[in-house]
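**Q** Enclosed is the structure file my_file-v9.csv (CSV, C-alpha atoms).
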chain,number,residue,atom,x,y,z
L,138,MET,CA,13.5,-100.5,89.5
L,139,LEU,CA,15.8,-97.9,87.9
L,140,GLY,CA,13.2,-97.1,85.3
L,141,ASP,CA,10.6,-96.3,88.1
L,142,VAL,CA,13.1,-94.0,89.8
L,143,GLU,CA,13.9,-92.2,86.6
L,144,MET,CA,10.1,-91.7,85.9
L,145,PHE,CA,9.6,-90.4,89.4
L,146,ASP,CA,12.6,-88.1,89.0
L,147,GLN,CA,11.3,-86.7,85.7
L,148,ARG,CA,7.7,-86.1,87.1
L,149,VAL,CA,9.1,-84.2,90.1
L,150,ARG,CA,11.3,-82.1,87.9
L,151,MET,CA,8.5,-81.0,85.6
L,152,GLU,CA,6.7,-79.2,88.4
L,153,ILE,CA,7.5,-76.3,90.7
L,154,ASP,CA,7.4,-77.1,94.4
L,155,GLU,CA,5.3,-74.2,95.7
L,156,THR,CA,6.0,-75.3,99.3
L,157,LEU,CA,9.6,-74.1,99.1
L,158,PRO,CA,10.7,-70.7,100.6
L,159,TRP,CA,10.7,-68.8,97.3
L,160,ARG,CA,12.3,-65.4,96.9
L,161,GLU,CA,12.4,-63.1,93.8
L,162,ILE,CA,15.6,-62.2,92.1
L,163,ARG,CA,15.4,-58.8,90.5
L,164,SER,CA,18.8,-58.2,89.0
L,165,GLN,CA,20.5,-55.1,87.7
L,166,GLY,CA,22.2,-54.8,84.4
L,167,PHE,CA,21.9,-57.6,81.8
L,168,ASN,CA,20.2,-60.1,84.1
L,169,GLY,CA,17.4,-57.6,84.7
L,170,HIS,CA,16.3,-58.0,81.1
L,171,ILE,CA,15.6,-61.7,81.6
L,172,GLY,CA,13.7,-61.8,84.9
L,173,PRO,CA,12.2,-61.5,87.3
L,174,MET,CA,13.2,-64.9,88.4
L,175,ARG,CA,12.3,-66.8,91.6
L,176,ILE,CA,14.7,-69.1,93.5
L,177,ALA,CA,14.2,-71.4,96.5
L,178,ARG,CA,16.5,-73.7,98.4
L,179,ALA,CA,15.1,-77.3,98.2
L,180,SER,CA,17.7,-79.0,100.4
L,181,GLU,CA,21.2,-78.5,101.7
L,182,THR,CA,22.7,-78.9,98.2
L,183,THR,CA,19.8,-78.3,95.8
L,184,TRP,CA,17.7,-75.3,94.6
L,185,GLN,CA,14.9,-74.6,92.2
L,186,ALA,CA,14.5,-71.5,90.1
L,187,ALA,CA,11.7,-70.4,87.9
L,188,LEU,CA,11.2,-68.0,85.0
L,189,LEU,CA,7.9,-67.4,83.2
L,190,LEU,CA,8.7,-67.2,79.5
L,191,ASP,CA,7.1,-64.2,77.6
L,192,ALA,CA,7.5,-62.7,74.1
L,193,ARG,CA,10.9,-61.1,74.9
L,194,HIS,CA,12.4,-64.6,75.5
L,195,ILE,CA,11.3,-66.1,72.2
L,196,ASN,CA,13.5,-66.3,69.0
L,197,PHE,CA,12.5,-66.0,65.4
L,198,GLY,CA,11.7,-69.7,65.3
L,199,GLY,CA,9.0,-69.2,67.9
L,200,VAL,CA,10.8,-70.9,70.8
L,201,CYS,CA,12.9,-69.8,73.7
L,202,HIS,CA,16.2,-68.4,72.7
L,203,GLY,CA,19.3,-70.5,73.7
L,204,GLY,CA,20.9,-67.4,75.2
L,205,VAL,CA,17.9,-67.2,77.7
L,206,TYR,CA,18.5,-70.9,78.6
L,207,MET,CA,22.2,-70.3,79.3
L,208,SER,CA,21.7,-67.0,81.1
L,209,PHE,CA,18.9,-68.4,83.3
L,210,ALA,CA,21.0,-71.5,84.2
L,211,ASP,CA,24.0,-69.2,84.9
L,212,VAL,CA,21.9,-67.1,87.3
L,213,ALA,CA,20.4,-70.1,89.0
L,214,MET,CA,23.7,-71.8,89.5
L,215,GLY,CA,25.4,-68.5,90.5
L,216,ALA,CA,22.7,-67.7,93.0
L,217,ALA,CA,23.0,-71.2,94.5
L,218,ALA,CA,26.8,-70.9,94.7
L,219,SER,CA,26.5,-67.5,96.3
L,220,GLU,CA,24.2,-68.9,99.0
L,221,THR,CA,26.5,-71.8,99.5
L,222,LEU,CA,29.3,-69.3,100.1
L,223,GLY,CA,27.3,-67.3,102.7
L,224,ARG,CA,25.8,-64.9,100.2
L,225,LYS,CA,29.2,-63.8,99.0
L,226,PRO,CA,29.6,-62.5,95.4
L,227,CYS,CA,31.0,-65.1,92.9
L,228,ALA,CA,31.8,-65.3,89.2
L,229,THR,CA,31.4,-67.9,86.6
L,230,ILE,CA,34.8,-69.3,85.6
L,231,ASP,CA,33.5,-72.3,83.5
L,232,PHE,CA,30.1,-73.1,81.9
L,233,ASN,CA,29.0,-76.0,79.7
L,234,ALA,CA,25.5,-76.5,78.2
L,235,HIS,CA,23.8,-79.2,76.2
L,236,PHE,CA,20.4,-78.3,74.6
L,237,MET,CA,17.7,-81.0,74.4
L,238,ALA,CA,14.3,-79.5,73.8
L,239,ALA,CA,12.5,-76.2,73.0
L,240,ALA,CA,10.3,-74.2,75.4
L,241,LYS,CA,7.6,-71.9,74.2
L,242,GLU,CA,6.1,-68.6,75.3
L,243,GLY,CA,3.8,-69.1,78.3
L,244,HIS,CA,5.9,-72.0,79.7
L,245,THR,CA,7.6,-71.7,83.0
L,246,LEU,CA,11.2,-72.6,82.7
L,247,ILE,CA,12.2,-74.5,85.9
L,248,ALA,CA,15.9,-74.9,86.9
L,249,HIS,CA,16.9,-77.8,89.2
L,250,THR,CA,20.3,-76.8,90.5
L,251,ALA,CA,22.7,-78.9,92.6
L,252,LEU,CA,26.1,-78.3,94.3
L,253,ASN,CA,28.4,-81.2,93.5
L,254,ARG,CA,31.4,-80.0,95.4
L,255,MET,CA,32.9,-76.9,97.1
L,256,VAL,CA,36.7,-76.4,97.6
L,257,SER,CA,38.4,-73.2,98.9
L,258,GLY,CA,35.6,-70.8,97.7
L,259,ILE,CA,35.0,-72.6,94.4
L,260,CYS,CA,31.6,-74.3,93.8
L,261,PHE,CA,31.1,-77.0,91.2
L,262,MET,CA,27.4,-76.9,90.1
L,263,GLU,CA,25.0,-78.7,87.8
L,264,CYS,CA,21.6,-77.7,86.5
L,265,GLU,CA,18.7,-79.1,84.4
L,266,LEU,CA,16.1,-76.8,82.8
L,267,TRP,CA,12.6,-78.1,82.3
L,268,ALA,CA,9.6,-76.7,80.6
L,269,GLY,CA,6.3,-78.0,79.1
L,270,GLY,CA,7.0,-81.4,80.7
L,271,ARG,CA,10.4,-81.9,78.9
L,272,LYS,CA,14.1,-81.5,79.9
L,273,CYS,CA,15.3,-78.6,77.7
L,274,MET,CA,18.9,-78.2,78.7
L,275,ARG,CA,21.6,-79.6,81.0
L,276,ALA,CA,24.4,-77.4,82.2
L,277,SER,CA,27.3,-77.5,84.6
L,278,GLY,CA,29.9,-74.9,85.7
L,279,ILE,CA,32.3,-73.6,88.2
L,280,TRP,CA,31.8,-70.5,90.4
L,281,LYS,CA,34.6,-68.7,92.3
L,282,GLN,CA,34.1,-66.5,95.4
L,283,LEU,CA,35.2,-63.0,94.6
L,284,SER,CA,35.6,-61.5,98.1
L,285,ASP,CA,34.4,-61.6,101.7
L,286,ARG,CA,31.9,-58.8,101.0
L,287,PRO,CA,28.2,-59.7,101.2
L,288,GLY,CA,26.6,-60.4,97.8
L,289,PRO,CA,23.3,-59.1,96.4
L,290,THR,CA,20.3,-59.9,98.6
L,291,GLY,CA,17.9,-60.6,95.7
Translate the structure of the given file into C-alpha cells.

**A**
Amino acid sequence: MLGDVEMFDQRVRMEIDETLPWREIRSQGFNGHIGPMRIARASETTWQAALLLDARHINFGGVCHGGVYMSFADVAMGAAASETLGRKPCATIDFNAHFMAAAKEGHTLIAHTALNRMVSGICFMECELWAGGRKCMRASGIWKQLSDRPGPTG
C-alpha cells in the first residue's frame, strides 16, 4: 500500500495544478533576475510555485544551475512563510538543500512547499523541486517575521 501512495504522490508532484489560484511574483533586486515566478496556495499549509527554465538559468554543463534551485526554493518557502504570517516580511535564518537530479532548459521547475510549524513569528518550512518528471532537490529552512509592516504583494 505504501508503494501505491508514494507513486501517486510522485505523479501529483510532477505536474502543476492549474486549478489553483495562481499569482505572479515579480521581485525587485536579485530575485528579479530569476523570475517571473508563479505561486499558489494549495491548502492551509501547502503551496506550489513554478518557474520556466530558460537559457539564463543553465550552467556550463547544460543543466539548471544549483544556485537557481536554491534561490527558487528560498523564494517559494519565503513567500509561503510571508503568507502564513499575514503577508508580513520575513527573512531566511536557516536553509538546507539536497540536490537529486538535473533540470534542463524548457522544463518548468515546480516547488511543492509546506509549513511544518509556526511559533512566535517563526515558520519552519519544507520544499521539493520537481522538473521533467523527477525530484531535483529537497530543501528545508526557517523564516522569521521581520516586523508588523505589510510585505510585498507580489

**Q** Work out how far CA of Gly278 in chain L is from CA of Met214 in chain L, in Å to one decimal.

**A**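 So the answer is 7.9 Å.
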
**Q** Taking all atoms listed in the file into account, name the residue in L:Thr229, L:Asn253, L:Ser277, L:Gln185 that is nearest to Glu152 in chain L.

**A** L:Gln185

**Q** Measuring atom to atom with only C-alpha atoms, identify which of L:His194, L:Gly199, L:Glu220, L:Gly204 is nearest to Ile176 in chain L.

**A**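 Smallest distance to Ile176 in chain L is found for L:Glu220.
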
**Q** List the spatial neighbours of Lys272 in chain L as a PyMOL selection string - criterion: any atom at most 9 Å away, only C-alpha atoms, same-chain residues fewer than 2 positions off excluded.

**A** chain L and resi 147+150-151+236-239+265-270+274-275

**Q** For each of L:Lys241, L:His249, L:Arg254, L:Arg271, take the minimum atom-to-atom distance to Val200 in chain L, counting all atoms listed in the file, then give the residue where this is smallest.

**A**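 So, comparing all the options, the nearest one is L:Lys241.
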
**Q** Excluding Ile195 in chain L and its own-chain neighbours fewer than 6 positions away, which residues fall within 8 Å of it when counting all atoms listed in the file? Please give them as an MDAnalysis selection string.

**A** chainID L and resid 201:202 241:242

**Q** If I take CA of Gly172 in chain L and CA of Ala186 in chain L, how far is one from the other in Å, to one decimal?

**A** 11.0 Å

**Q** To one decimal in Å, tell me the separation between CA of Leu283 in chain L and CA of Glu161 in chain L.

**A**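 It comes out at 22.8 Å.
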
**Q** Which residue out of L:Val256, L:Ile230, L:Ala248, L:Ala177 has the minimum interatomic distance to Met207 in chain L when all atoms listed in the file are used?

**A**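 Among the listed residues, L:Ala248 lies closest to Met207 in chain L.
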
**Q** Within 9 Å of (26.9, -76.7, 89.8) in the file's own coordinates, which protein, DNA or RNA residues have an atom, counting only C-alpha atoms? List them as a CSV table (one decimal) with C-alpha atoms, keeping the file's coordinate frame.

**A**
chain,number,residue,atom,x,y,z
L,214,MET,CA,23.7,-71.8,89.5
L,215,GLY,CA,25.4,-68.5,90.5
L,217,ALA,CA,23.0,-71.2,94.5
L,218,ALA,CA,26.8,-70.9,94.7
L,250,THR,CA,20.3,-76.8,90.5
L,251,ALA,CA,22.7,-78.9,92.6
L,252,LEU,CA,26.1,-78.3,94.3
L,253,ASN,CA,28.4,-81.2,93.5
L,254,ARG,CA,31.4,-80.0,95.4
L,260,CYS,CA,31.6,-74.3,93.8
L,261,PHE,CA,31.1,-77.0,91.2
L,262,MET,CA,27.4,-76.9,90.1
L,263,GLU,CA,25.0,-78.7,87.8
L,264,CYS,CA,21.6,-77.7,86.5
L,276,ALA,CA,24.4,-77.4,82.2
L,277,SER,CA,27.3,-77.5,84.6
L,278,GLY,CA,29.9,-74.9,85.7
L,279,ILE,CA,32.3,-73.6,88.2
L,280,TRP,CA,31.8,-70.5,90.4

**Q** Would you please work out which residue, of L:Gln282, L:Asn196, L:Asn168, L:Thr245, is nearest to Asp211 in chain L when using all atoms listed in the file?

**A**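 Of L:Gln282, L:Asn196, L:Asn168, L:Thr245, the one nearest Asp211 in chain L, counting all atoms listed in the file, is L:Asn168.
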
**Q** List as number ranges by chain the protein and nucleic acid residues near Pro173 in chain L, meaning an atom at most 7 Å away when only C-alpha atoms are counted, but skip any in the same chain fewer than 6 places from it.

**A** L: 161-163, 188

**Q** With distances taken over all atoms listed in the file, which residue among L:Gly258, L:Gln165, L:Pro158, L:Met174 lies nearest Arg224 in chain L?

**A**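 Nearest to Arg224 in chain L: L:Gly258.
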
**Q** Kindly extract all protein, DNA and RNA residues lying within 6 Å of the coordinates (4.3, -66.1, 73.5) given in the file, considering only C-alpha atoms, and supply them as a PyMOL selection string.

**A** chain L and resi 191-192+242-243
